[in-house]
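**Student:** Data: data14.json, JSON, C-alpha atoms.
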```json
[["chain", "number", "residue", "atom", "x", "y", "z"],
["A", 1, "PHE", "CA", 4.30, -1.55, -10.41],
["A", 2, "VAL", "CA", 6.81, 0.70, -8.68],
["A", 3, "ARG", "CA", 6.97, 2.22, -5.25],
["A", 4, "GLY", "CA", 8.80, 5.55, -4.92],
["A", 5, "TYR", "CA", 9.32, 7.86, -1.97],
["A", 6, "ASN", "CA", 6.73, 10.49, -2.79],
["A", 7, "GLY", "CA", 2.98, 11.11, -3.03],
["A", 8, "PHE", "CA", 0.85, 8.66, -1.08],
["A", 9, "PHE", "CA", 3.75, 7.11, 0.82],
["A", 10, "SER", "CA", 5.13, 10.49, 1.87],
["A", 11, "ARG", "CA", 1.76, 11.19, 3.47],
["A", 12, "ILE", "CA", 1.99, 7.90, 5.36],
["A", 13, "ARG", "CA", 5.41, 8.83, 6.72],
["A", 14, "ARG", "CA", 4.13, 12.26, 7.80],
["A", 15, "LEU", "CA", 1.32, 10.46, 9.62],
["A", 16, "TRP", "CA", 3.86, 8.28, 11.42],
["A", 17, "ARG", "CA", 5.80, 11.33, 12.56],
["A", 18, "ARG", "CA", 2.65, 12.66, 14.22],
["A", 19, "GLN", "CA", 2.22, 9.47, 16.28],
["A", 20, "LYS", "CA", 2.45, 10.19, 20.00],
["A", 21, "PRO", "CA", 6.03, 9.46, 21.10],
["A", 22, "GLU", "CA", 6.51, 6.69, 23.63],
["A", 23, "ASN", "CA", 9.46, 7.02, 26.02],
["A", 24, "GLY", "CA", 10.80, 9.94, 24.00],
["A", 25, "ARG", "CA", 10.82, 8.21, 20.62],
["A", 26, "HIS", "CA", 8.29, 7.43, 17.92],
["A", 27, "ILE", "CA", 6.70, 3.99, 17.93],
["A", 28, "PHE", "CA", 7.26, 3.56, 14.19],
["A", 29, "ASP", "CA", 10.81, 4.79, 13.74],
["A", 30, "TYR", "CA", 11.76, 3.01, 10.50],
["A", 31, "GLU", "CA", 14.33, 3.72, 7.86],
["A", 32, "GLU", "CA", 12.82, 4.60, 4.49],
["A", 33, "ASP", "CA", 13.70, 1.21, 2.98],
["A", 34, "ALA", "CA", 11.95, -0.71, 5.77],
["A", 35, "VAL", "CA", 8.38, -0.10, 4.57],
["A", 36, "TRP", "CA", 8.53, -0.88, 0.85],
["A", 37, "GLN", "CA", 7.29, -4.46, 1.18],
["A", 38, "SER", "CA", 4.23, -3.51, 3.20],
["A", 39, "GLU", "CA", 3.45, -0.60, 0.88],
["A", 40, "LEU", "CA", 3.62, -2.75, -2.24],
["A", 41, "THR", "CA", 1.47, -5.32, -0.43],
["A", 42, "GLN", "CA", -1.17, -2.64, 0.03],
["A", 43, "TYR", "CA", -1.01, -1.73, -3.65],
["A", 44, "ALA", "CA", -1.19, -5.35, -4.84],
["A", 45, "LEU", "CA", -4.16, -6.27, -2.65],
["A", 46, "ALA", "CA", -6.02, -3.13, -3.77],
["A", 47, "ALA", "CA", -5.36, -4.01, -7.42],
["A", 48, "LEU", "CA", -6.89, -7.47, -6.89],
["A", 49, "GLU", "CA", -9.91, -6.14, -5.02],
["A", 50, "GLU", "CA", -10.66, -3.31, -7.48],
["A", 51, "ASP", "CA", -10.28, -5.36, -10.68],
["A", 52, "HIS", "CA", -7.32, -3.24, -11.77],
["A", 53, "PRO", "CA", -5.59, -4.28, -15.04],
["A", 54, "TRP", "CA", -2.61, -5.41, -12.95],
["A", 55, "GLY", "CA", -4.88, -7.81, -11.04],
["A", 56, "GLU", "CA", -4.63, -10.64, -13.58],
["A", 57, "TRP", "CA", -0.83, -10.47, -13.48],
["A", 58, "ILE", "CA", -0.70, -10.29, -9.68],
["A", 59, "ALA", "CA", -3.08, -13.26, -9.34],
["A", 60, "GLN", "CA", -0.51, -15.41, -11.15],
["A", 61, "TRP", "CA", 2.25, -14.79, -8.62],
["A", 62, "GLN", "CA", 3.35, -17.97, -6.89],
["A", 63, "ARG", "CA", 5.84, -19.07, -4.27],
["A", 64, "ASP", "CA", 6.27, -22.44, -2.59],
["A", 65, "ASP", "CA", 8.82, -22.69, 0.20],
["A", 66, "PRO", "CA", 8.74, -23.01, 4.02],
["A", 67, "THR", "CA", 8.97, -19.25, 4.65],
["A", 68, "HIS", "CA", 6.01, -18.52, 2.39],
["A", 69, "GLN", "CA", 3.96, -21.29, 3.98],
["A", 70, "LEU", "CA", 4.66, -19.72, 7.38],
["A", 71, "PHE", "CA", 3.41, -16.31, 6.22],
["A", 72, "ALA", "CA", 0.44, -17.73, 4.31],
["A", 73, "SER", "CA", -0.71, -19.31, 7.60],
["A", 74, "ASN", "CA", -0.69, -15.80, 9.15],
["A", 75, "VAL", "CA", 1.58, -16.99, 11.95],
["A", 76, "LYS", "CA", 2.28, -14.38, 14.63],
["A", 77, "PRO", "CA", 5.80, -13.42, 15.82],
["A", 78, "ASP", "CA", 5.18, -14.95, 19.26],
["A", 79, "ASP", "CA", 4.35, -18.42, 17.85],
["A", 80, "GLU", "CA", 7.71, -19.94, 18.70],
["A", 81, "ASP", "CA", 6.66, -23.48, 17.82],
["A", 82, "ALA", "CA", 5.62, -22.60, 14.26],
["A", 83, "ILE", "CA", 8.74, -20.48, 13.73],
["A", 84, "SER", "CA", 11.00, -23.24, 15.08],
["A", 85, "ALA", "CA", 9.31, -25.83, 12.85],
["A", 86, "THR", "CA", 9.87, -23.60, 9.80],
["A", 87, "ALA", "CA", 13.51, -23.11, 10.81],
["A", 88, "ASP", "CA", 13.81, -26.92, 10.95],
["A", 89, "GLU", "CA", 12.51, -27.15, 7.38],
["A", 90, "LEU", "CA", 14.91, -24.48, 6.15],
["A", 91, "LYS", "CA", 17.83, -26.12, 7.93],
["A", 92, "SER", "CA", 17.00, -29.42, 6.22],
["A", 93, "ILE", "CA", 17.48, -27.55, 2.92],
["A", 94, "MET", "CA", 20.74, -25.88, 4.02],
["A", 95, "PRO", "CA", 22.18, -27.89, 6.96],
["A", 96, "GLU", "CA", 25.21, -25.59, 7.36],
["A", 97, "LEU", "CA", 23.02, -22.72, 8.58],
["A", 98, "SER", "CA", 22.33, -22.11, 12.25],
["A", 99, "HIS", "CA", 18.85, -23.08, 13.44],
["A", 100, "LEU", "CA", 18.96, -20.19, 15.93],
["A", 101, "HIS", "CA", 19.88, -17.69, 13.21],
["A", 102, "LEU", "CA", 17.11, -19.00, 10.96],
["A", 103, "GLN", "CA", 14.61, -18.57, 13.80],
["A", 104, "ALA", "CA", 15.84, -15.01, 14.36],
["A", 105, "ALA", "CA", 15.55, -14.13, 10.66],
["A", 106, "LEU", "CA", 12.00, -15.48, 10.45],
["A", 107, "SER", "CA", 11.03, -13.58, 13.61],
["A", 108, "ILE", "CA", 12.43, -10.35, 12.17],
["A", 109, "ARG", "CA", 10.38, -10.78, 9.00],
["A", 110, "LEU", "CA", 7.17, -11.58, 10.91],
["A", 111, "ASN", "CA", 7.67, -8.72, 13.37],
["A", 112, "ARG", "CA", 8.26, -6.18, 10.63],
["A", 113, "LEU", "CA", 4.96, -7.02, 8.95],
["A", 114, "GLU", "CA", 3.05, -7.15, 12.25],
["A", 115, "GLU", "CA", 4.31, -3.71, 13.33],
["A", 116, "GLN", "CA", 3.35, -2.10, 10.02],
["A", 117, "LYS", "CA", -0.19, -3.45, 9.69],
["A", 118, "VAL", "CA", -1.88, -0.74, 11.77],
["A", 119, "PRO", "CA", -0.17, 2.41, 10.40],
["A", 120, "LEU", "CA", -0.52, 1.17, 6.82],
["A", 121, "GLY", "CA", -4.08, -0.04, 7.28],
["A", 122, "LEU", "CA", -3.26, -3.62, 6.29],
["A", 123, "GLU", "CA", -5.84, -6.25, 7.18],
["A", 124, "ASP", "CA", -4.70, -8.92, 9.61],
["A", 125, "SER", "CA", -5.38, -11.90, 7.36],
["A", 126, "PRO", "CA", -3.65, -14.84, 5.65],
["A", 127, "GLU", "CA", -4.15, -13.05, 2.30],
["A", 128, "THR", "CA", -2.20, -10.01, 3.51],
["A", 129, "SER", "CA", 0.63, -12.09, 4.96],
["A", 130, "ALA", "CA", 0.83, -14.27, 1.84],
["A", 131, "MET", "CA", 1.02, -11.22, -0.44],
["A", 132, "TYR", "CA", 3.73, -9.69, 1.75],
["A", 133, "SER", "CA", 5.76, -12.88, 1.36],
["A", 134, "LEU", "CA", 5.17, -13.03, -2.40],
["A", 135, "LEU", "CA", 6.42, -9.47, -2.83],
["A", 136, "GLY", "CA", 9.52, -10.25, -0.81],
["A", 137, "SER", "CA", 10.52, -12.73, -3.49],
["A", 138, "ARG", "CA", 9.50, -10.69, -6.55],
["A", 139, "ALA", "CA", 10.33, -7.04, -5.93],
["A", 140, "SER", "CA", 13.62, -5.40, -6.85],
["A", 141, "LEU", "CA", 15.57, -2.39, -5.64],
["A", 142, "LEU", "CA", 15.78, -0.32, -8.83],
["A", 143, "GLY", "CA", 17.58, 2.71, -7.47],
["A", 144, "ALA", "CA", 17.83, 5.02, -4.48],
["A", 145, "GLY", "CA", 14.42, 4.97, -2.81],
["A", 146, "ILE", "CA", 12.72, 3.00, -5.60],
["A", 147, "CYS", "CA", 11.46, -0.57, -5.28],
["A", 148, "GLY", "CA", 9.18, -2.28, -7.77],
["A", 149, "VAL", "CA", 7.85, -5.42, -9.38],
["A", 150, "ILE", "CA", 8.46, -5.42, -13.11],
["A", 151, "PRO", "CA", 6.47, -7.68, -15.49],
["A", 152, "PHE", "CA", 8.65, -10.36, -17.14],
["A", 153, "TYR", "CA", 11.65, -9.36, -15.04],
["A", 154, "ASP", "CA", 9.93, -10.69, -11.91],
["A", 155, "MET", "CA", 9.71, -14.14, -13.57],
["A", 156, "ILE", "CA", 13.47, -14.46, -14.12],
["A", 157, "ASN", "CA", 15.17, -16.83, -11.71],
["A", 158, "HIS", "CA", 18.35, -16.22, -9.73],
["A", 159, "SER", "CA", 21.77, -17.65, -10.48],
["A", 160, "ASN", "CA", 25.22, -16.84, -9.17],
["A", 161, "ASN", "CA", 26.33, -17.28, -12.78],
["A", 162, "PRO", "CA", 23.75, -15.18, -14.66],
["A", 163, "ASN", "CA", 23.56, -14.88, -18.43],
["A", 164, "ILE", "CA", 21.73, -11.52, -18.42],
["A", 165, "GLY", "CA", 22.02, -8.28, -16.49],
["A", 166, "MET", "CA", 19.81, -5.29, -15.79],
["A", 167, "SER", "CA", 20.26, -1.53, -15.84],
["A", 168, "TYR", "CA", 17.73, 1.01, -14.63],
["A", 169, "GLU", "CA", 17.40, 4.73, -15.27],
["A", 170, "ARG", "CA", 14.41, 7.03, -14.95],
["A", 171, "ALA", "CA", 13.81, 6.62, -18.68],
["A", 172, "GLY", "CA", 13.27, 2.90, -18.25],
["A", 173, "LEU", "CA", 14.67, -0.53, -17.47],
["A", 174, "GLU", "CA", 16.87, -2.56, -19.77],
["A", 175, "LEU", "CA", 17.67, -6.27, -19.70],
["A", 176, "TYR", "CA", 20.76, -7.28, -21.67],
["A", 177, "ALA", "CA", 22.76, -10.43, -22.34],
["A", 178, "ASN", "CA", 26.18, -10.46, -20.70],
["A", 179, "ARG", "CA", 27.29, -13.45, -22.76],
["A", 180, "GLU", "CA", 26.01, -15.41, -25.75],
["A", 181, "VAL", "CA", 22.63, -16.99, -25.00],
["A", 182, "VAL", "CA", 21.63, -19.94, -27.14],
["A", 183, "HIS", "CA", 18.09, -20.58, -28.34],
["A", 184, "GLY", "CA", 15.99, -22.29, -25.65],
["A", 185, "GLU", "CA", 18.40, -21.47, -22.81],
["A", 186, "GLU", "CA", 16.77, -20.26, -19.60],
["A", 187, "LEU", "CA", 17.53, -16.67, -18.65],
["A", 188, "PHE", "CA", 19.04, -15.99, -15.23],
["A", 189, "LEU", "CA", 19.76, -12.82, -13.28],
["A", 190, "SER", "CA", 21.83, -12.49, -10.13],
["A", 191, "TYR", "CA", 19.83, -11.06, -7.23],
["A", 192, "LYS", "CA", 23.14, -10.15, -5.64],
["A", 193, "LYS", "CA", 26.04, -8.13, -6.99],
["A", 194, "VAL", "CA", 27.93, -10.25, -9.48],
["A", 195, "GLY", "CA", 31.33, -11.22, -8.11],
["A", 196, "GLU", "CA", 30.38, -10.39, -4.53],
["A", 197, "THR", "CA", 31.76, -12.80, -1.92],
["A", 198, "LEU", "CA", 28.87, -14.34, 0.00],
["A", 199, "ASP", "CA", 29.00, -15.61, 3.57],
["A", 200, "GLU", "CA", 26.48, -17.69, 5.52],
["A", 201, "ASN", "CA", 24.46, -14.61, 6.51],
["A", 202, "ASP", "CA", 23.98, -13.72, 2.84],
["A", 203, "ALA", "CA", 22.98, -17.32, 2.13],
["A", 204, "LEU", "CA", 20.57, -17.29, 5.07],
["A", 205, "TRP", "CA", 18.76, -14.14, 3.93],
["A", 206, "THR", "CA", 18.65, -15.38, 0.33],
["A", 207, "LEU", "CA", 16.87, -18.47, 1.62],
["A", 208, "VAL", "CA", 14.47, -16.61, 3.94],
["A", 209, "GLN", "CA", 13.69, -13.62, 1.70],
["A", 210, "TRP", "CA", 13.51, -15.31, -1.71],
["A", 211, "GLY", "CA", 13.19, -19.00, -0.88],
["A", 212, "ILE", "CA", 16.39, -19.70, -2.80],
["A", 213, "PRO", "CA", 18.96, -22.18, -1.38],
["A", 214, "THR", "CA", 22.59, -21.29, -2.08],
["A", 215, "PRO", "CA", 24.98, -24.18, -2.83],
["A", 216, "LYS", "CA", 27.72, -24.47, -0.20],
["A", 217, "SER", "CA", 30.31, -24.01, -2.94],
["A", 218, "ASP", "CA", 28.93, -20.50, -3.61],
["A", 219, "TYR", "CA", 29.43, -19.01, -0.15],
["A", 220, "ILE", "CA", 31.92, -19.22, 2.69],
["A", 221, "MET", "CA", 31.44, -19.58, 6.43],
["A", 222, "ARG", "CA", 32.64, -16.63, 8.45],
["A", 223, "SER", "CA", 34.80, -18.98, 10.49],
["A", 224, "GLU", "CA", 36.71, -19.74, 7.27],
["A", 225, "LEU", "CA", 37.68, -16.07, 6.93],
["A", 226, "ASN", "CA", 39.80, -16.11, 10.08]]
```
Turn this file's structure into structure tokens for me.

**Tutor:**
Amino acid sequence: FVRGYNGFFSRIRRLWRRQKPENGRHIFDYEEDAVWQSELTQYALAALEEDHPWGEWIAQWQRDDPTHQLFASNVKPDDEDAISATADELKSIMPELSHLHLQAALSIRLNRLEEQKVPLGLEDSPETSAMYSLLGSRASLLGAGICGVIPFYDMINHSNNPNIGMSYERAGLELYANREVVHGEELFLSYKKVGETLDENDALWTLVQWGIPTPKSDYIMRSELN
């Protein structure tokens, strides 16, 4: 279930370029990477509606965290009360994070989906918003211009101390153990670069995008860098 920068999605981008400019610039002036989540949302919803073989797998996707609950309620970017309440919930999980920054991150996510609904033909519904949120926590950047959701891989949880790694080439994707894994041990991947120093912004986006809280011992506050 992979999204690449060709075919159907290239036609969408050409359509965007033909939109009437407003104040000398195009209304939908996104970087290539900015539309993957909405595009995969369109694919996933179509697979469910058309009884595609992927539909049974997609129907099993789950997520349960404050960000997902916000999206599943189809909250709009101008609903400041709902966004603030969700930021409160997230801050209760990670008290070190700024409430204002959490609000801003949630608003960015909601605005991005809202702005892409019309050009991508996405229905304005709780089902669309919920699927968008689900894909945000399951999809992976596989290479330049390629995002996808990979069966089995998408079920592997995140750890800053992973016991497996992943490599991707056009020929396929490989999961490999990076240390001895004992029978019955849960498999973990790192959703970030292994060994990368994380700050509170990284921890914030990990919480908002994936619903994963980062222990304070695993990231540093920017104020501590000075």

**Student:** Go ahead and compute the interatomic distance for atom CA of Ser98 of chain A and atom CA of Ile220 of chain A, in Å to one decimal.

**Tutor:**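 Between atom CA of Ser98 of chain A and atom CA of Ile220 of chain A the gap is 13.8 Å.
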
**Student:** Neighbours of Met131 of chain A within 6 Å (only C-alpha atoms; same-chain residues fewer than 3 positions away dropped), as a PDB file with C-alpha atoms, in the frame of the given file?

**Tutor:**
```
ATOM      1  CA  THR A  41       1.470  -5.320  -0.430  1.00  0.00           C
ATOM      2  CA  THR A 128      -2.200 -10.010   3.510  1.00  0.00           C
ATOM      3  CA  LEU A 134       5.170 -13.030  -2.400  1.00  0.00           C
TER       4      LEU A 134
END
```

**Student:** Report, in Å with one decimal, the straight-line distance from atom CA of Asp88 of chain A to atom CA of His101 of chain A.

**Tutor:**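 For atom CA of Asp88 of chain A relative to atom CA of His101 of chain A, the distance reads 11.3 Å.
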
**Student:** Looking at A:Leu173, A:Val208, A:Met94, A:Leu198, which one is nearest to Gln69 of chain A, with distances taken over all atoms listed in the file?

**Tutor:**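 Checking each of A:Leu173, A:Val208, A:Met94, A:Leu198 against Gln69 of chain A, counting all atoms listed in the file, the winner is A:Val208.
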
**Student:** Tell me, in Å to one decimal, how far atom CA of Asp65 of chain A is from atom CA of Ser159 of chain A.

**Tutor:** 17.5 Å

**Student:** Padding 5 Å on every side, please: axis-aligned box over the listed atoms of segment 176-195 of chain A, centre and edge lengths to one decimal in Å, as JSON.

**Tutor:**
```
{"center_x": 23.7, "center_y": -14.8, "center_z": -17.0, "size_x": 25.3, "size_y": 25.0, "size_z": 32.7}
```

**Student:** Taking into account only C-alpha atoms, which residue in the set A:Lys192, A:Arg179, A:Arg63, A:His158 is nearest to Gly136 of chain A?

**Tutor:**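 Ranked by minimum distance to Gly136 of chain A, first place goes to A:Arg63.
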
**Student:** Counting all atoms listed in the file, figure out which residue out of A:Asn157, A:Thr197, A:Gln116, A:Ser73 gets nearest to Arg138 of chain A.

**Tutor:** A:Asn157

**Student:** Find the residues around Ala203 of chain A up to 9 Å (only C-alpha atoms counted), leave out those fewer than 4 positions away in its own chain, and share them as a list in words.

**Tutor:**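 That gives Leu97, Leu198, Asp199, Leu207, Val208, Ile212, Pro213, Thr214, Pro215, Lys216, Asp218 and Tyr219 of chain A.
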
**Student:** Need the shell around Ala59 of chain A: protein/DNA/RNA residues with any atom at most 12 Å away, counting only C-alpha atoms. Skip same-chain ones fewer than 2 positions apart. Format as number ranges by chain?

**Tutor:** A: 44-49, 51-57, 61-63, 127, 130-131, 134

**Student:** So which one's closest to Val149 of chain A, A:Gln37, A:Ser190, A:Thr206, A:Asn163? Using all atoms listed in the file, please.

**Tutor:** A:Gln37

**Student:** Would you mind telling me which residue in A:Lys76, A:Glu174, A:Glu180, A:Phe71 lies nearest to Glu115 of chain A when using all atoms listed in the file?

**Tutor:**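 So, comparing all the options, the nearest one is A:Lys76.
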
**Student:** Pick the closest to Tyr191 of chain A from A:Glu123, A:Glu169, A:Asp79, A:Asp154: which is it, counting all atoms listed in the file?

**Tutor:**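 Distance minimum relative to Tyr191 of chain A lands on A:Asp154.
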